[in-house]
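Take a look at the structure set out below.
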Amino acid sequence: MIHGIGIDAVEVPRFKRAMDRWGERLTSRLFTGPELAYSLRLRRPERHLAARFAAKVSFFKALGRPVPWRDVEVVRASSGAPALSVKGLSDGMRVSVSISHDGDLSIAETIIERDS
Ligand SMILES: CC(C)(COP(=O)(O)OP(=O)(O)OC[C@H]1O[C@@H](n2cnc3c(N)ncnc32)[C@H](O)[C@@H]1OP(=O)(O)O)[C@@H](O)C(=O)NCCC(=O)NCCS
């Protein structure tokens, strides 16, 4: 059965302003090493980091409560498809995520299913 769904949209220029203002203090609190490594090698890192921020918030909404930012990591299949790796996820819960970018907006949606 579905435990919950969550969606979040992030305005990329606004996220970039926060990154410029707070620098590594912000990014190291929000993101894991592999998330930073993936995003920082792309042409517009702020876009991919904004999407990863949206993915984490969408997960919190689907779960019904927040967890520490870096306990939720966006990982990638070889196809490029994203998935969430979540520290301490309850047994029987399965998480699916989807990410999209267009213009100045990055969006993510998460669905959590559970056995009963
Ligand atoms: C996957 C694909 C549809 C992305 O579409 P797009 O409109 O160019 O890009 P969007 O901005 O909407 O989405 C980008 C995000 O899609 C996700 N993504 C990438 N490949 C994906 C895939 N194979 N399946 C699902 N999601 C994928 C990523 O999270 C990416 O963001 P990120 O780089 O920040 O992680 C496009 O790259 C494509 O057609 N790839 C080849 C075919 C394919 O693998 N299709 C499977 C999905 S139908």
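Residues are referred to by chain and number: the chain letter is A, B, ... according to the order shown in the structure tokens, the number counts from 1 in that chain, and ligands are numbered separately from 1 in the order shown.
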Contacts of segment 88-90 of chain A at 12 Å or less, counting only C-alpha atoms, minus same-chain residues fewer than 6 places along, as a ChimeraX atom specification?
/A:3,59,63,67-68,70-72,112-116
Would you save the residues from that selection as a PDB file, in the first residue's frame, using C-alpha atoms?
ATOM      1  CA  HIS A   3       2.400   5.158   2.762  1.00  0.00           C
ATOM      2  CA  PHE A  59      10.795  12.426   0.767  1.00  0.00           C
ATOM      3  CA  LEU A  63       7.265  10.043   5.046  1.00  0.00           C
ATOM      4  CA  VAL A  67      15.020  13.171   8.956  1.00  0.00           C
ATOM      5  CA  PRO A  68      18.622  14.498   8.829  1.00  0.00           C
ATOM      6  CA  ARG A  70      22.307  13.584   4.645  1.00  0.00           C
ATOM      7  CA  ASP A  71      20.439  10.453   5.761  1.00  0.00           C
ATOM      8  CA  VAL A  72      18.612  10.760   2.425  1.00  0.00           C
ATOM      9  CA  ILE A 112       6.767   5.583  -0.365  1.00  0.00           C
ATOM     10  CA  GLU A 113       5.119   2.170  -0.338  1.00  0.00           C
ATOM     11  CA  ARG A 114       4.915  -0.121   2.662  1.00  0.00           C
ATOM     12  CA  ASP A 115       3.968  -3.761   3.125  1.00  0.00           C
ATOM     13  CA  SER A 116       0.945  -3.179   5.389  1.00  0.00           C
TER      14      SER A 116
END
Could you pull out the helix (DSSP H, G or I) residues of segment 6-63 of chain A from DSSP and send them as a PyMOL selection string?
chain A and resi 12-30+33-40+45-63
Give the residue list for ligand 1 at 7 Å, counting only C-alpha atoms and all ligand atoms, as a PyMOL selection string, sorted by chain and then by residue number.
chain A and resi 47-48+51+79-82+98-102
Test item: residues at most 12 Å from Thr27 of chain A, only C-alpha atoms, excluding those fewer than 3 positions along its chain, as a PyMOL selection string:
chain A and resi 15-16+18-24+30-33+35-37+39-40+45-46+49-50+52-53+69-70
Which of chain A end up as strand (DSSP E) when DSSP is run on this backbone - answer as JSON, numbers by chain?
{"A": [2, 3, 4, 5, 6, 7, 8, 9, 10, 11, 72, 73, 74, 75, 76, 82, 83, 84, 85, 86, 93, 94, 95, 96, 97, 98, 99, 100, 101, 102, 105, 106, 107, 108, 109, 110, 111, 112, 113, 114]}
Interatomic distance, atom CA of Glu11 of chain A to atom CA of Ala54 of chain A (Å, one decimal)
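Straight-line distance from atom CA of Glu11 of chain A to atom CA of Ala54 of chain A works out to 9.8 Å.
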Could you state the separation of atom CA of Ala62 of chain A and atom CA of Pro13 of chain A in Å, given to one decimal place?
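Separation between atom CA of Ala62 of chain A and atom CA of Pro13 of chain A: 25.5 Å.
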Spatial neighbours of Ile5 of chain A, max dist 12 Å, only C-alpha atoms, sep filter under 3 positions, as a count of residues only:
24
To one decimal in Å, tell me the separation between atom CA of Arg43 of chain A and atom CA of Arg29 of chain A.
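Interatomic distance, atom CA of Arg43 of chain A to atom CA of Arg29 of chain A: 22.3 Å.
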Could you check the closest approach to Glu73 of chain A for each of A:Pro34, A:Val10, A:Gly4, A:Arg44 and tell me which residue wins, using only C-alpha atoms?
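Nearest to Glu73 of chain A: A:Pro34.
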